[in-house]
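K.L.:
First the structure, then my questions, so here it is.
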Amino acid sequence: MGDTIASLLIGEIGIIQDFCLDAIPLNLLEMGCLPGKEVRLLQIAPFKDPLYIKVNGSHLAIRIETAKQINITKLR
Amino acid sequence: MKSNSLLNIALVGNPNTGKTSLFNQLTGLNQKVGNYPGITVDKKQGKCKISEHLTAEITDLPGTYSINPTTLDETIVLETLLDENNNSFPDLVIVVAEVENLKRNLFLFSQIKDLQFPSILVINMSDQMIRKGITIDIEALKRELKSEIILISARKNLGIDALKREIENYENWNTEPIANISEKIDTVFFDTIKTTFPEFSLYKSWLLITQQKNCGFLSSELHHKITAFNPDSEKIKKYQHKETIYRYQIINEILKKTYSVDKNEASDLRSKLDRILTHRIYGYFIFFGVLMLIFQSIFEWASLPMDLIDGFFANLSELAKTNLPNGAFTNLIAEGIIPGIGGVVIFIPQIAILFLFIATLEETGYMSRVVFLMDKIMRKFGMSGKSIIPLISGTACAIPAIMASRNISDWKERLITILVVPFTTCSARLPVYAILIALIIPDERVFGIFNLQGLTLMGLYLLGFTAAISSAILLHNVLNIKTKSLFVIEMPNYKLPSFKNVFYEVVEKTKAFVFGAGKIILALSIVLWFLASNGPEKFKNAAEFVNTQESTNNLPDDVLNKKIASYKLEHSYIGTMGKIIEPVIKPMGYDWKIGIALISSFAAREVFIGALATIYNVESEGEDVGTIKERMAAEVDPRTGEKRFNFATGMSLLLFYAFAMQCIGTLAIVKRETKSWKWPILQLTGMGALAYIVAVITFNILS
């Protein structure tokens, strides 16, 4: 399977490929989390959830179940 | 309806853009606060003089990232902007943006523009542009957005006058839409919308169709028309996503030409602080430390002003009694109204201090880190990281706490939070705890350092939290509500708190408590006084009854008067009520006098002390009875000759107050927030039953 935001390590960057429209809340898109945008994992909360990311200039925290729905390609 | 000279302005913007700072600058202390219970604190409004001839009423709408709402707060933005009959329907809209997140802020601005309001873009924190390496070509941006733009720094009060001058000219602003959603998404589909709803702008029609369930204001006719349009929900979802992507495309194009940021200048203070504050170990230690600081301060700082207030109202009452002519009216003032007001005012220090901390923590951006840190743990209990704020606020008052749950987007998480918040030890329980602890727990030290009374109080706090968490787990497993997580929070930049914003927040919250909950407390104190000083037959002829019952000839006058007074109380309206419930409360160890206090405190817990004070006051016929505590300590059970407030009864009362749902204000707010009587009734009966059982068991074990 391909990578998702949930498979990033802290500090790693990926490019958002696509996601299942049903699984992603509209407000996440509206805050800038869109296909083609760069996403960087900044921090993981204790107990591995939620994730603190920077995407398209916004600093956001999302739950891991949401992160797993967003496919990315890692930048190396 | 608004008058012609008053301009309605809506203030819209993302959270953390300094929207509230701008609102405070524009309106000052000229703000109106919605009251509870019954009336929402939905809208903060304030008056602002724009020019010599023009005054505006400014509505500070809740912060939102988009017009499409995900939380209750955000629904208010949608409703205000779409409902032309709403009395805050704006003549013009100010959209507040912030230099650093301009892209995301413009997303919301583009939606407002498409609704074709006269709107102006205000870019806040412009004083930080140089430090952050940001340059904006304002003239080009104005052209691209077909809009007026003002740079301001709300905290430094820069650009406010320029904004006011520009507003004077609002009738000449360009109201063309920015995004042509029709052409980019599906021309045929949007053309049908245009022909079906020719009376609205295209974007407004689109919002009415997509957000029908969030538009409570629709006339049945319009409702019908939208339903008849019957769009396919899959299609709507797809088009909403397309719309979002399209809006960002436009914004990116525009910003490419007008906005640049020198990345090297980006500060890494955020990442340094984040690493410590959200650390898996230090993070919790710091949060725990902050909590301890808050609770310590509530007790330490508030105790002195509370004592002063207490003393002040006691003296005032005394003064009224001695200086006003004798009579029912004086009694009403001295025994009903003054103690009633005192009972409200005494909570102000604690509530103000609590909100001072909460407002400061929110201003700095730390609260979002707490949400991030606690989310996973809170989810185990069926709540959200965002539930932390209501749970902490609940230690002051459950009413604002329940309202703070509005930004939890998941219904199940929000409902559980609302249902368990009243278990947290609110400040109304404190005076009851304080006086009972002082009566039954010896003022001693254990292990040389801990004060036993303090430990008991701490135990009661822990008990409240434990009860909240346990019932949350129970509800999490019992409630069968399927929801999809919409949890997304912004992690804002760290900021120094603005004194002004914190101050206004504290004033607003305190005012809301005093004028909302306070009204109930005051009204009940008066009703209670009336019920205690009036009664049927036996009450009116108390002197005769006492005389016929006993050989009163040998009794000295004062003893006789006391006998008459206590006979009166027993046969007053409230005494009769107390007597009726006595069999029910007896297993918990209470008599009819405590019963009266119990009945009255179903309106608000703190009335308990006031009620006992009133009862003993009425009974003693104005004689000096010392403090309420002394009077309670002297109260004796006539059957056993033992102290009324002994250890068993005291503990039983403490636990009863810890668990029981005795607050009409909270019940009213729960009804309003859940839109159903089911939940407040569940709270009332569930918590009541728990309290009763625990109190009965405690009393029987201890006595």
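Each chain in the structure tokens gets a letter, A, B, ..., in the order shown, and its residues are numbered from 1; ligands are numbered from 1 in order too.
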Any chance you could tabulate, as JSON lines, the residues of chain A at most 12 Å from chain B with each one's nearest atom pair and distance in Å to one decimal, using only C-alpha atoms, in chain and rising number order?

P.N.:
{"residue": "A:Ile10", "atom": "CA", "partner": "B:Arg275", "partner_atom": "CA", "distance": 11.5}
{"residue": "A:Gly11", "atom": "CA", "partner": "B:Ser271", "partner_atom": "CA", "distance": 11.1}
{"residue": "A:Asp18", "atom": "CA", "partner": "B:His241", "partner_atom": "CA", "distance": 12.0}
{"residue": "A:Phe19", "atom": "CA", "partner": "B:His241", "partner_atom": "CA", "distance": 11.3}
{"residue": "A:Cys20", "atom": "CA", "partner": "B:Lys238", "partner_atom": "CA", "distance": 10.8}
{"residue": "A:Leu21", "atom": "CA", "partner": "B:Lys238", "partner_atom": "CA", "distance": 7.6}
{"residue": "A:Asp22", "atom": "CA", "partner": "B:Lys237", "partner_atom": "CA", "distance": 8.3}
{"residue": "A:Ala23", "atom": "CA", "partner": "B:Lys484", "partner_atom": "CA", "distance": 8.4}
{"residue": "A:Ile24", "atom": "CA", "partner": "B:Leu486", "partner_atom": "CA", "distance": 7.9}
{"residue": "A:Pro25", "atom": "CA", "partner": "B:Leu486", "partner_atom": "CA", "distance": 5.6}
{"residue": "A:Leu26", "atom": "CA", "partner": "B:His241", "partner_atom": "CA", "distance": 7.2}
{"residue": "A:Asn27", "atom": "CA", "partner": "B:Thr70", "partner_atom": "CA", "distance": 7.1}
{"residue": "A:Leu28", "atom": "CA", "partner": "B:Val488", "partner_atom": "CA", "distance": 6.6}
{"residue": "A:Leu29", "atom": "CA", "partner": "B:Thr244", "partner_atom": "CA", "distance": 6.9}
{"residue": "A:Glu30", "atom": "CA", "partner": "B:Thr244", "partner_atom": "CA", "distance": 6.1}
{"residue": "A:Met31", "atom": "CA", "partner": "B:Arg104", "partner_atom": "CA", "distance": 6.2}
{"residue": "A:Gly32", "atom": "CA", "partner": "B:Arg104", "partner_atom": "CA", "distance": 6.7}
{"residue": "A:Cys33", "atom": "CA", "partner": "B:Ile245", "partner_atom": "CA", "distance": 9.6}
{"residue": "A:Leu34", "atom": "CA", "partner": "B:Ile245", "partner_atom": "CA", "distance": 7.0}
{"residue": "A:Pro35", "atom": "CA", "partner": "B:Ile245", "partner_atom": "CA", "distance": 8.6}
{"residue": "A:Gly36", "atom": "CA", "partner": "B:Ile245", "partner_atom": "CA", "distance": 10.5}
{"residue": "A:Lys37", "atom": "CA", "partner": "B:Tyr248", "partner_atom": "CA", "distance": 11.0}
{"residue": "A:Leu41", "atom": "CA", "partner": "B:Ser271", "partner_atom": "CA", "distance": 11.8}
{"residue": "A:Leu42", "atom": "CA", "partner": "B:Ser271", "partner_atom": "CA", "distance": 8.1}
{"residue": "A:Gln43", "atom": "CA", "partner": "B:Arg275", "partner_atom": "CA", "distance": 7.9}
{"residue": "A:Ile44", "atom": "CA", "partner": "B:Thr278", "partner_atom": "CA", "distance": 8.7}
{"residue": "A:Ala45", "atom": "CA", "partner": "B:Leu373", "partner_atom": "CA", "distance": 5.8}
{"residue": "A:Pro46", "atom": "CA", "partner": "B:Arg280", "partner_atom": "CA", "distance": 5.0}
{"residue": "A:Phe47", "atom": "CA", "partner": "B:Lys376", "partner_atom": "CA", "distance": 6.8}
{"residue": "A:Lys48", "atom": "CA", "partner": "B:Lys376", "partner_atom": "CA", "distance": 8.3}
{"residue": "A:Asp49", "atom": "CA", "partner": "B:Lys376", "partner_atom": "CA", "distance": 6.0}
{"residue": "A:Pro50", "atom": "CA", "partner": "B:Phe372", "partner_atom": "CA", "distance": 6.6}
{"residue": "A:Leu51", "atom": "CA", "partner": "B:Phe372", "partner_atom": "CA", "distance": 8.3}
{"residue": "A:Tyr52", "atom": "CA", "partner": "B:Met491", "partner_atom": "CA", "distance": 8.0}
{"residue": "A:Ile53", "atom": "CA", "partner": "B:Met491", "partner_atom": "CA", "distance": 9.1}
{"residue": "A:Lys54", "atom": "CA", "partner": "B:Met491", "partner_atom": "CA", "distance": 9.4}
{"residue": "A:Val55", "atom": "CA", "partner": "B:Arg104", "partner_atom": "CA", "distance": 10.9}
{"residue": "A:Asn56", "atom": "CA", "partner": "B:Lys103", "partner_atom": "CA", "distance": 8.8}
{"residue": "A:Gly57", "atom": "CA", "partner": "B:Asn101", "partner_atom": "CA", "distance": 6.9}
{"residue": "A:Ser58", "atom": "CA", "partner": "B:Asn101", "partner_atom": "CA", "distance": 7.1}
{"residue": "A:His59", "atom": "CA", "partner": "B:Met491", "partner_atom": "CA", "distance": 5.3}
{"residue": "A:Leu60", "atom": "CA", "partner": "B:Glu490", "partner_atom": "CA", "distance": 4.4}
{"residue": "A:Ala61", "atom": "CA", "partner": "B:Ile489", "partner_atom": "CA", "distance": 5.3}
{"residue": "A:Ile62", "atom": "CA", "partner": "B:Val488", "partner_atom": "CA", "distance": 5.0}
{"residue": "A:Arg63", "atom": "CA", "partner": "B:Phe487", "partner_atom": "CA", "distance": 6.7}
{"residue": "A:Ile64", "atom": "CA", "partner": "B:Lys376", "partner_atom": "CA", "distance": 10.0}
{"residue": "A:Glu65", "atom": "CA", "partner": "B:Ser485", "partner_atom": "CA", "distance": 8.6}
{"residue": "A:Thr66", "atom": "CA", "partner": "B:Ser485", "partner_atom": "CA", "distance": 8.0}
{"residue": "A:Ala67", "atom": "CA", "partner": "B:Val488", "partner_atom": "CA", "distance": 10.7}

K.L.:
According to DSSP computed on the backbone, where in chain A is there helix (DSSP H, G or I)? Give the residues as a PyMOL selection string.

P.N.:
chain A and resi 5-7+26-30+46-48+64-67

K.L.:
Keeping C-alpha atoms, export the residues of the selection given above as a PDB file, in the first residue's frame.

P.N.:
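Generated file (again-v2.pdb):
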ATOM      1  CA  ILE A   5       0.125  11.203   6.297  1.00  0.00           C
ATOM      2  CA  ALA A   6       0.072   8.645   9.109  1.00  0.00           C
ATOM      3  CA  SER A   7       3.196   6.968   7.749  1.00  0.00           C
ATOM      4  CA  LEU A  26     -14.822  19.407   4.176  1.00  0.00           C
ATOM      5  CA  ASN A  27     -13.378  21.798   6.733  1.00  0.00           C
ATOM      6  CA  LEU A  28      -9.972  20.125   6.465  1.00  0.00           C
ATOM      7  CA  LEU A  29      -9.936  20.906   2.759  1.00  0.00           C
ATOM      8  CA  GLU A  30     -11.117  24.407   3.430  1.00  0.00           C
ATOM      9  CA  PRO A  46       1.615  11.175  23.257  1.00  0.00           C
ATOM     10  CA  PHE A  47      -0.179   7.876  22.593  1.00  0.00           C
ATOM     11  CA  LYS A  48       0.512   8.451  18.862  1.00  0.00           C
ATOM     12  CA  ILE A  64      -4.784   9.549  12.982  1.00  0.00           C
ATOM     13  CA  GLU A  65      -7.913   8.023  11.441  1.00  0.00           C
ATOM     14  CA  THR A  66      -8.211  11.089   9.226  1.00  0.00           C
ATOM     15  CA  ALA A  67      -4.473  11.092   8.471  1.00  0.00           C
TER      16      ALA A  67
END

K.L.:
Can you list, as a PyMOL selection string, every protein, DNA or RNA residue that comes within 7 Å of Leu391 in chain B when you count only C-alpha atoms, leaving out same-chain residues fewer than 3 positions away?

P.N.:
chain B and resi 387-388+394+401+421+424

K.L.:
Export, as a JSON list (two decimals), in the first residue's frame, the selected residues with N, CA and C atoms.

P.N.:
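Just written: selection05.json:
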[["chain", "number", "residue", "atom", "x", "y", "z"],
["B", 387, "SER", "N", -12.93, 18.92, 25.05],
["B", 387, "SER", "CA", -13.77, 18.87, 26.25],
["B", 387, "SER", "C", -13.05, 19.40, 27.49],
["B", 388, "ILE", "N", -11.73, 19.51, 27.39],
["B", 388, "ILE", "CA", -10.95, 19.98, 28.53],
["B", 388, "ILE", "C", -11.39, 21.37, 28.98],
["B", 394, "GLY", "N", -16.01, 24.33, 34.18],
["B", 394, "GLY", "CA", -17.04, 23.80, 35.08],
["B", 394, "GLY", "C", -16.71, 24.00, 36.54],
["B", 401, "ALA", "N", -19.55, 26.79, 31.02],
["B", 401, "ALA", "CA", -18.80, 25.60, 30.62],
["B", 401, "ALA", "C", -19.54, 24.84, 29.53],
["B", 421, "VAL", "N", -20.35, 17.57, 32.66],
["B", 421, "VAL", "CA", -19.79, 18.80, 33.24],
["B", 421, "VAL", "C", -20.37, 19.14, 34.62],
["B", 424, "THR", "N", -18.44, 18.33, 37.88],
["B", 424, "THR", "CA", -17.25, 19.03, 38.37],
["B", 424, "THR", "C", -17.68, 20.04, 39.44]]

K.L.:
Please identify all polymer residues within 6 Å of range 169-183 of chain B, counting only C-alpha atoms, omitting same-chain residues fewer than 6 positions from it, and present them as JSON, numbers by chain.

P.N.:
{"B": [113, 114, 116, 118, 190]}

K.L.:
Please provide the set of residues having any atom within 10 Å of Lys74 in chain A, restricted to only C-alpha atoms, with same-chain residues fewer than 5 positions apart removed, written as a PyMOL selection string.

P.N.:
chain A and resi 2-5+7-8+12-16+38-40

K.L.:
Please write the residues from the selection above to a file, keeping N, CA and C atoms, as a PDB file, in the first residue's frame.

P.N.:
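For reference, result34.pdb as written:
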ATOM      1  N   GLY A   2       0.270   2.337  -0.496  1.00  0.00           N
ATOM      2  CA  GLY A   2       1.029   3.578  -0.566  1.00  0.00           C
ATOM      3  C   GLY A   2       1.120   4.278   0.776  1.00  0.00           C
ATOM      4  N   ASP A   3       1.854   5.363   0.777  1.00  0.00           N
ATOM      5  CA  ASP A   3       2.009   6.116   2.026  1.00  0.00           C
ATOM      6  C   ASP A   3       0.802   7.016   2.282  1.00  0.00           C
ATOM      7  N   THR A   4       0.562   7.268   3.565  1.00  0.00           N
ATOM      8  CA  THR A   4      -0.433   8.264   3.952  1.00  0.00           C
ATOM      9  C   THR A   4       0.253   9.239   4.910  1.00  0.00           C
ATOM     10  N   ILE A   5      -0.467  10.260   5.334  1.00  0.00           N
ATOM     11  CA  ILE A   5       0.125  11.203   6.297  1.00  0.00           C
ATOM     12  C   ILE A   5       0.529  10.455   7.563  1.00  0.00           C
ATOM     13  N   SER A   7       1.918   7.689   7.814  1.00  0.00           N
ATOM     14  CA  SER A   7       3.196   6.968   7.749  1.00  0.00           C
ATOM     15  C   SER A   7       4.402   7.903   7.688  1.00  0.00           C
ATOM     16  N   LEU A   8       4.189   9.193   7.778  1.00  0.00           N
ATOM     17  CA  LEU A   8       5.319  10.126   7.843  1.00  0.00           C
ATOM     18  C   LEU A   8       6.007  10.019   9.204  1.00  0.00           C
ATOM     19  N   GLU A  12       9.390  14.695   8.367  1.00  0.00           N
ATOM     20  CA  GLU A  12       9.314  14.303   6.961  1.00  0.00           C
ATOM     21  C   GLU A  12       8.237  15.107   6.218  1.00  0.00           C
ATOM     22  N   ILE A  13       8.449  15.202   4.905  1.00  0.00           N
ATOM     23  CA  ILE A  13       7.525  15.975   4.072  1.00  0.00           C
ATOM     24  C   ILE A  13       6.953  15.073   2.983  1.00  0.00           C
ATOM     25  N   GLY A  14       5.691  15.249   2.670  1.00  0.00           N
ATOM     26  CA  GLY A  14       5.090  14.509   1.562  1.00  0.00           C
ATOM     27  C   GLY A  14       4.239  15.436   0.709  1.00  0.00           C
ATOM     28  N   ILE A  15       3.868  14.952  -0.465  1.00  0.00           N
ATOM     29  CA  ILE A  15       2.952  15.708  -1.318  1.00  0.00           C
ATOM     30  C   ILE A  15       1.618  14.963  -1.328  1.00  0.00           C
ATOM     31  N   ILE A  16       0.534  15.682  -1.043  1.00  0.00           N
ATOM     32  CA  ILE A  16      -0.766  15.030  -1.003  1.00  0.00           C
ATOM     33  C   ILE A  16      -1.166  14.587  -2.404  1.00  0.00           C
ATOM     34  N   GLU A  38       2.069  20.473  -0.157  1.00  0.00           N
ATOM     35  CA  GLU A  38       3.088  19.865   0.675  1.00  0.00           C
ATOM     36  C   GLU A  38       2.577  19.698   2.098  1.00  0.00           C
ATOM     37  N   VAL A  39       2.864  18.561   2.708  1.00  0.00           N
ATOM     38  CA  VAL A  39       2.476  18.375   4.099  1.00  0.00           C
ATOM     39  C   VAL A  39       3.686  17.893   4.884  1.00  0.00           C
ATOM     40  N   ARG A  40       3.880  18.484   6.050  1.00  0.00           N
ATOM     41  CA  ARG A  40       5.031  18.136   6.867  1.00  0.00           C
ATOM     42  C   ARG A  40       4.529  17.736   8.249  1.00  0.00           C
TER      43      ARG A  40
END

K.L.:
Report, in Å to a single decimal, how far apart CA of Val12 in chain B and CA of Tyr246 in chain B are.

P.N.:
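Going from CA of Tyr246 in chain B over to CA of Val12 in chain B covers 21.7 Å.
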
K.L.:
Would you work out the distance separating CA of Ile120 in chain B from CA of Ile94 in chain B, expressed in Å to one decimal?

P.N.:
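CA of Ile94 in chain B lies 5.1 Å from CA of Ile120 in chain B.
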
K.L.:
From a DSSP pass on the backbone, collect the residues of range 580-681 of chain B flagged as strand (DSSP E or B) and hand them back as a ChimeraX atom specification.

P.N.:
/B:604,636,643,663

K.L.:
Write the residues of the selection above to a file with N, CA and C atoms, as a PDB file, in the first residue's frame.

P.N.:
ATOM      1  N   ALA B 604     -30.534  26.587  42.864  1.00  0.00           N
ATOM      2  CA  ALA B 604     -29.110  26.859  42.743  1.00  0.00           C
ATOM      3  C   ALA B 604     -28.492  26.446  44.061  1.00  0.00           C
ATOM      4  N   VAL B 636     -29.664  21.647  67.338  1.00  0.00           N
ATOM      5  CA  VAL B 636     -29.722  20.356  68.024  1.00  0.00           C
ATOM      6  C   VAL B 636     -30.943  19.572  67.542  1.00  0.00           C
ATOM      7  N   LYS B 643     -26.102  16.980  68.326  1.00  0.00           N
ATOM      8  CA  LYS B 643     -25.926  18.049  67.346  1.00  0.00           C
ATOM      9  C   LYS B 643     -26.550  17.653  66.020  1.00  0.00           C
ATOM     10  N   CYS B 663     -29.482  22.702  39.923  1.00  0.00           N
ATOM     11  CA  CYS B 663     -29.234  24.016  39.343  1.00  0.00           C
ATOM     12  C   CYS B 663     -30.154  24.216  38.155  1.00  0.00           C
TER      13      CYS B 663
END

K.L.:
Can you work out the spacing between CA of Lys146 in chain B and CA of Leu11 in chain B in Å, to one decimal?

P.N.:
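Interatomic distance here is 19.3 Å.
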